[in-house]
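A.B. asks: Data file work-v4.cif (mmCIF, C-alpha atoms) is appended below.
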data_work
loop_
_atom_site.label_atom_id
_atom_site.label_comp_id
_atom_site.auth_asym_id
_atom_site.auth_seq_id
_atom_site.Cartn_x
_atom_site.Cartn_y
_atom_site.Cartn_z
CA TRP A 6 150.06 17.14 -20.75
CA LEU A 7 148.39 13.71 -20.62
CA TRP A 8 150.51 12.50 -17.72
CA LEU A 9 149.78 15.63 -15.71
CA TRP A 10 146.03 15.59 -16.22
CA PHE A 11 145.21 11.87 -16.45
CA PRO A 12 146.25 11.09 -12.84
CA ARG A 13 144.53 14.30 -11.75
CA GLY A 14 141.32 13.02 -13.31
CA LEU A 15 141.37 9.76 -11.35
CA PRO A 16 141.12 11.23 -7.83
CA SER A 17 138.71 13.79 -9.28
CA CYS A 18 136.34 10.93 -10.11
CA TRP A 19 136.32 9.85 -6.47
CA LEU A 20 135.97 13.42 -5.20
CA VAL A 21 132.67 13.68 -7.06
CA VAL A 22 131.27 10.76 -5.04
CA VAL A 23 132.08 11.88 -1.49
CA PRO A 24 130.59 15.40 -1.17
CA LYS A 25 127.08 14.32 -2.15
CA ARG A 26 126.85 12.68 1.24
CA CYS A 27 127.94 15.89 3.02
CA ALA A 28 131.18 14.13 3.94
CA GLN A 29 134.62 15.34 4.89
CA HIS A 30 137.52 13.94 2.89
CA ARG A 31 140.20 12.42 5.09
CA GLY A 32 142.84 10.79 2.92
CA ALA A 33 143.72 8.96 -0.25
CA ARG A 34 145.87 5.97 -1.09
CA LEU A 35 147.28 5.58 -4.58
CA GLY A 36 148.87 2.70 -6.40
CA GLY A 37 150.59 2.80 -9.78
CA VAL A 38 151.90 0.15 -12.16
CA LEU A 39 153.62 1.39 -15.34
CA TRP A 40 156.07 0.52 -18.08
CA LEU A 41 156.65 3.03 -20.86
CA HIS A 42 159.47 2.19 -23.24
CA GLY A 43 162.14 2.20 -20.58
CA ALA A 44 162.97 3.68 -17.21
CA GLY A 45 163.48 7.27 -18.43
CA VAL A 46 159.99 7.64 -19.87
CA ALA A 47 158.48 5.76 -16.94
CA GLY A 48 160.20 8.09 -14.49
CA THR A 49 158.91 11.15 -16.33
CA ALA A 50 155.39 9.75 -16.29
CA ALA A 51 155.63 8.91 -12.58
CA ARG A 52 156.80 12.43 -11.71
CA ALA A 53 153.99 14.00 -13.75
CA HIS A 54 151.58 11.59 -12.09
CA GLY A 55 152.70 12.91 -8.71
CA VAL A 56 152.39 16.55 -9.77
CA GLY A 57 148.82 16.04 -10.99
CA VAL A 58 147.67 14.16 -7.91
CA ASN A 59 149.37 16.44 -5.40
CA THR A 60 148.01 19.57 -7.05
CA LEU A 61 144.45 18.30 -6.63
CA ALA A 62 145.12 17.01 -3.10
CA ARG A 63 146.36 20.42 -1.94
CA GLN A 64 143.41 22.16 -3.56
CA PHE A 65 140.87 20.05 -1.64
CA GLY A 66 142.80 19.51 1.59
CA ILE A 67 143.38 15.78 1.11
CA SER A 68 146.31 13.91 2.63
CA ILE A 69 148.04 11.35 0.41
CA ALA A 70 148.23 8.72 3.12
CA GLY A 71 150.23 6.09 1.29
CA GLY A 72 150.26 3.74 -1.66
CA GLU A 73 152.52 1.49 -3.69
CA SER A 74 154.13 1.39 -7.10
CA SER A 75 155.45 -1.35 -9.30
CA GLY A 76 156.23 -2.12 -12.93
CA LEU A 77 154.61 -3.85 -15.88
CA PRO A 78 156.33 -6.28 -18.26
CA ALA A 79 154.83 -4.44 -21.24
CA ASP A 80 153.78 -0.95 -22.28
CA GLY A 81 150.86 0.31 -20.16
CA LEU A 82 149.66 2.07 -17.06
CA ILE A 83 147.45 1.04 -14.13
CA ILE A 84 146.47 3.54 -11.42
CA ASN A 85 144.31 2.78 -8.40
CA VAL A 86 142.85 5.43 -6.09
CA ALA A 87 141.02 4.84 -2.79
CA LEU A 88 139.55 7.93 -1.09
CA THR A 89 138.21 7.86 2.46
CA GLY A 90 135.87 10.28 4.19
CA GLU A 91 133.38 10.55 7.01
CA VAL A 92 129.92 12.00 7.48
CA GLU A 93 128.08 13.13 10.57
CA GLU A 94 125.46 10.63 11.70
CA GLY A 95 122.09 11.31 10.09
CA LYS A 96 123.51 13.81 7.57
CA ALA A 97 124.19 11.49 4.65
CA VAL A 98 122.28 12.23 1.43
CA LEU A 99 121.67 8.92 -0.36
CA ARG A 100 120.47 7.81 -3.76
CA SER A 101 117.68 5.80 -2.11
CA THR A 102 115.70 8.65 -0.52
CA ALA A 103 114.03 10.40 -3.46
CA ARG A 104 110.26 10.84 -3.25
CA ALA A 105 107.53 10.75 -5.87
CA GLY A 106 107.00 14.24 -7.26
CA ASP A 107 110.57 15.37 -6.54
CA LEU A 108 112.18 17.46 -9.25
CA ILE A 109 115.30 16.04 -10.91
CA ALA A 110 118.24 18.36 -11.55
CA VAL A 111 121.84 18.10 -12.73
CA THR A 112 124.85 20.35 -12.39
CA GLY A 113 126.90 21.50 -15.35
CA THR A 114 126.46 20.31 -18.91
CA LEU A 115 126.19 16.78 -20.29
CA GLY A 116 127.58 14.88 -23.27
CA GLY A 117 130.74 15.01 -25.33
CA SER A 118 133.14 14.42 -22.46
CA PHE A 119 135.69 12.32 -24.38
CA PRO A 120 135.90 14.46 -27.56
CA THR A 121 136.33 17.66 -25.53
CA GLY A 122 138.74 16.26 -22.95
CA HIS A 123 136.32 17.07 -20.14
CA HIS A 124 136.96 13.66 -18.56
CA LEU A 125 140.58 14.65 -17.95
CA SER A 126 140.17 18.27 -16.83
CA PHE A 127 136.83 18.55 -15.01
CA MET A 128 136.51 20.21 -11.62
CA PRO A 129 135.01 17.87 -8.99
CA ARG A 130 131.67 19.21 -7.71
CA VAL A 131 132.84 19.12 -4.09
CA ARG A 132 131.59 22.61 -3.22
CA GLU A 133 128.27 22.19 -5.01
CA GLY A 134 127.53 18.79 -3.49
CA GLY A 135 128.45 19.92 0.00
CA ILE A 136 126.22 23.00 -0.18
CA LEU A 137 123.22 21.10 -1.57
CA ALA A 138 123.60 18.38 1.04
CA ALA A 139 124.16 20.69 4.01
CA SER A 140 121.24 22.95 3.06
CA GLY A 141 118.69 20.17 3.50
CA VAL A 142 117.27 20.90 0.04
CA ALA A 143 118.44 17.65 -1.56
CA THR A 144 116.19 14.65 -0.97
CA SER A 145 118.62 12.36 -2.82
CA MET A 146 121.86 12.76 -4.72
CA MET A 147 124.53 10.78 -6.54
CA ASP A 148 127.41 11.31 -8.93
CA LEU A 149 126.66 11.35 -12.64
CA SER A 150 129.60 9.50 -14.17
CA ASP A 151 128.25 6.63 -16.29
CA GLY A 152 125.76 8.82 -18.14
CA LEU A 153 122.25 9.98 -17.26
CA GLY A 154 120.82 6.92 -19.03
CA THR A 155 122.59 4.62 -16.55
CA ASP A 156 122.80 6.64 -13.34
CA LEU A 157 119.25 8.03 -13.16
CA PRO A 158 117.72 4.53 -13.37
CA ARG A 159 120.07 3.51 -10.54
CA LEU A 160 118.81 6.34 -8.35
CA ALA A 161 115.19 5.57 -9.25
CA ALA A 162 115.59 1.85 -8.53
CA ALA A 163 117.25 2.54 -5.19
CA SER A 164 114.34 4.83 -4.25
CA GLY A 165 111.66 2.46 -5.57
CA LEU A 166 110.44 5.05 -8.07
CA GLY A 167 110.33 5.91 -11.74
CA PHE A 168 111.16 9.15 -13.53
CA ARG A 169 110.11 11.43 -16.35
CA ILE A 170 112.74 13.39 -18.29
CA HIS A 171 112.02 16.36 -20.56
CA GLU A 172 114.57 16.14 -23.35
CA GLU A 173 114.25 19.80 -24.26
CA LEU A 174 115.45 20.77 -20.77
CA LEU A 175 118.69 18.78 -20.86
CA PRO A 176 121.79 21.00 -20.48
CA VAL A 177 123.57 19.65 -23.56
CA ARG A 178 127.21 20.61 -24.09
CA PRO A 179 127.42 22.89 -27.17
CA GLY A 180 128.07 20.95 -30.35
CA PHE A 181 126.54 17.72 -29.08
CA THR A 182 123.09 16.12 -28.99
CA ALA A 183 120.51 15.20 -26.38
CA ALA A 184 121.25 11.53 -27.10
CA GLN A 185 124.91 12.12 -26.25
CA ALA A 186 123.92 14.00 -23.10
CA VAL A 187 122.00 10.91 -21.99
CA GLY A 188 124.41 8.22 -23.12
CA ASP A 189 128.02 9.39 -23.36
CA GLY A 190 128.97 9.22 -19.68
CA GLU A 191 132.13 10.60 -18.03
CA ASP A 192 130.26 13.81 -17.17
CA TYR A 193 131.26 13.82 -13.48
CA GLU A 194 128.35 16.04 -12.53
CA LEU A 195 125.82 15.70 -9.72
CA LEU A 196 122.33 14.22 -10.06
CA VAL A 197 120.07 15.64 -7.35
CA THR A 198 116.37 15.62 -6.43
CA PHE A 199 114.40 18.08 -4.32
CA ARG A 200 110.80 18.93 -3.53
CA PRO A 201 108.97 21.20 -6.01
CA GLY A 202 108.49 23.74 -3.23
CA ASP A 203 112.28 23.99 -2.84
CA ARG A 204 112.96 24.81 -6.48
CA GLU A 205 113.42 28.51 -5.85
CA ARG A 206 115.60 27.88 -2.81
CA ALA A 207 117.80 25.49 -4.80
CA ALA A 208 118.17 28.10 -7.54
CA GLN A 209 119.07 30.73 -4.94
CA LEU A 210 121.71 28.45 -3.40
CA ALA A 211 123.24 27.89 -6.82
CA ALA A 212 123.20 31.58 -7.70
CA GLU A 213 124.77 32.57 -4.39
CA HIS A 214 127.32 29.81 -3.83
CA PHE A 215 128.24 28.40 -7.25
CA PRO A 216 127.04 30.87 -9.91
CA LYS A 217 129.39 29.49 -12.56
CA THR A 218 127.93 25.97 -12.29
CA PRO A 219 124.45 25.62 -13.80
CA LEU A 220 121.84 23.70 -11.82
CA THR A 221 119.18 22.60 -14.30
CA VAL A 222 115.83 20.92 -13.58
CA ILE A 223 115.31 18.21 -16.21
CA GLY A 224 112.30 16.21 -14.98
CA GLU A 225 110.57 14.65 -12.01
CA MET A 226 110.41 11.42 -10.05
CA THR A 227 107.23 9.36 -10.49
CA ALA A 228 105.43 6.75 -8.43
CA GLU A 229 105.24 4.50 -11.51
CA THR A 230 108.46 2.55 -11.84
CA ALA A 231 108.15 1.71 -15.54
CA SER A 232 110.62 4.32 -16.84
CA ALA A 233 113.36 4.01 -19.40
CA LEU A 234 116.18 5.95 -21.03
CA PRO A 235 118.71 4.88 -23.63
CA PRO A 236 121.57 3.38 -21.60
CA GLY A 237 124.66 5.33 -20.72
CA TYR A 238 128.19 3.98 -20.50
CA ARG A 239 128.45 0.28 -19.70
CA HIS A 240 131.62 -1.03 -18.13
CA PHE A 241 133.07 -4.31 -19.46
CA SER A 242 130.76 -4.40 -22.47
#
Is it possible to give me this structure as C-alpha cells?
C.D. replies:
Amino acid sequence: WLWLWFPRGLPSCWLVVVPKRCAQHRGARLGGVLWLHGAGVAGTAARAHGVGVNTLARQFGISIAGGESSGLPADGLIINVALTGEVEEGKAVLRSTARAGDLIAVTGTLGGSFPTGHHLSFMPRVREGGILAASGVATSMMDLSDGLGTDLPRLAAASGLGFRIHEELLPVRPGFTAAQAVGDGEDYELLVTFRPGDRERAAQLAAEHFPKTPLTVIGEMTAETASALPPGYRHFS
C-alpha cells in the first residue's frame, strides 16, 4: 500500500502548484534512487512506484517524459519529480496580487494530514484551481502545503499586505484542533483571495463545479502588514 500511494503523493504535490496559475500540464520527469533489503524488494517497490505514478498521470493527462533510476548503498528511497506546464500570457494568478480588503478562503479541510494519511492519498486541486483562476474571481492564489501559518504569511508578504484570520471559521478536519489546522502542514489545499463583492460568485462556482470540495472564507487581507500566525511546517528545522 505504501509503495503504491507514496509515489502517487509526490506528483500530486506538484499538481497542486500548477493549476493555481491557470496552467496546462505538459509533462513530468521522475528520478528514483532506492535500496530495500535486496533486489527483490527493490524491484517490487519500483513496480509499485510506477503503478502509482502512471495512474495519476493518466488521470490528469500528463506525459511521463523521462527520468532516471539508480541504487543506494543502504536502505532508503529518494524520489524526485519535476512537472512542467504553460500558461497563456496575462492569465497567471500569482501570490503577489492580493489587495487590501480581499477575502481569504481555502479549499477542503486543514490539519491532521499525517495521522490520517491525507498526505499520501489526497486529490490534487487541479479542477478547483483551474476554475477559480479561469473565472477571474481569484485575485491571488497559491498552494497550501506547509501549513496556513507558513503559507499565508508568504502570500501576504509577496502582496505587501497583512491579514486577519478568524479562528472560528477555520475548516478544521474532524478530530483535530484549530492550532493543528494552522500549523500541521501537508494539507495540499488551495489558498485563494477574492474581492468581497465576488463572495457569492465564488460560492456559486464552488457549488456548481466542485460541490464536494468546501471553499471556506476564513479572513481578510489588510493594509497593515503587522500580522502573525503560529508557524506551519518548517523544512530542515
A.B. asks: Would you translate the PyMOL selection byres ((chain A and resi 229) around 12) into the concrete set of residues it matches in this file, as a ChimeraX atom specification?
C.D. replies: /A:104-106,161-162,164-169,225-228,230-233
A.B. asks: Evaluated on this file, the PyMOL selection byres ((chain A and resi 193) around 6) picks out some residues - which ones are they, written as a PyMOL selection string?
C.D. replies: chain A and resi 149-150+191-192+194
A.B. asks: When distances are computed from all atoms listed in the file, which of A:Val98, A:Val58, A:Leu115, A:Leu108 shows the smallest separation from Gln185 (chain A)?
C.D. replies: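 Among the listed residues, A:Leu115 lies closest to Gln185 (chain A).
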A.B. asks: Run the PyMOL selection byres ((chain A and resi 102) around 7) on the file and write out the hits as number ranges by chain.
C.D. replies: A: 99-101, 103-104, 144-145, 164
A.B. asks: Measuring atom to atom with all atoms listed in the file, identify which of A:Thr198, A:Ser68, A:Gln209, A:Thr155 is nearest to Val111 (chain A).
C.D. replies: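 Among the listed residues, A:Thr198 lies closest to Val111 (chain A).
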A.B. asks: I need the residue nearest Leu234 (chain A) from this list: A:Val197, A:Val177, A:Leu220, A:Leu153. Use only C-alpha atoms for the distance.
C.D. replies: A:Leu153
A.B. asks: Within 7 Å of Arg178 (chain A), counting all atoms listed in the file, which residues qualify if same-chain residues fewer than 6 places away don't, as an NGL selection string?
C.D. replies: :A and (114-117)
A.B. asks: I need the residues from that last selection saved to file as a compact mmCIF listing (two decimals), keeping the file's coordinate frame (with C-alpha atoms), if you can.
C.D. replies:
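Saved the output as part37.txt:
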# COMPACT_ATOMS: atom_id res chain seq x y z
CA THR A 114 126.46 20.31 -18.91
CA LEU A 115 126.19 16.78 -20.29
CA GLY A 116 127.58 14.88 -23.27
CA GLY A 117 130.74 15.01 -25.33
A.B. asks: I need the residue nearest Ala186 (chain A) from this list: A:Met146, A:Arg204, A:Leu174, A:Phe65. Use only C-alpha atoms for the distance.
C.D. replies: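 Selected residue with least distance to Ala186 (chain A): A:Leu174.
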A.B. asks: Under the rule that only C-alpha atoms are counted, which of A:Gly154, A:Thr121, A:Val131, A:Arg200 is the nearest residue to Gly180 (chain A)?
C.D. replies: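 When distances to Gly180 (chain A) are compared using only C-alpha atoms, the smallest one comes from A:Thr121.
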A.B. asks: At what distance in Å, to one decimal, does CA of Phe215 (chain A) lie from CA of Val86 (chain A)?
C.D. replies: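 Between these atoms lies a distance of 27.2 Å.
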A.B. asks: Find the residue from A:Phe127, A:Glu93, A:Ala110, A:Asp151 that sits nearest to Val187 (chain A); use all atoms listed in the file when measuring.
C.D. replies: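 So, comparing all the options, the nearest one is A:Asp151.
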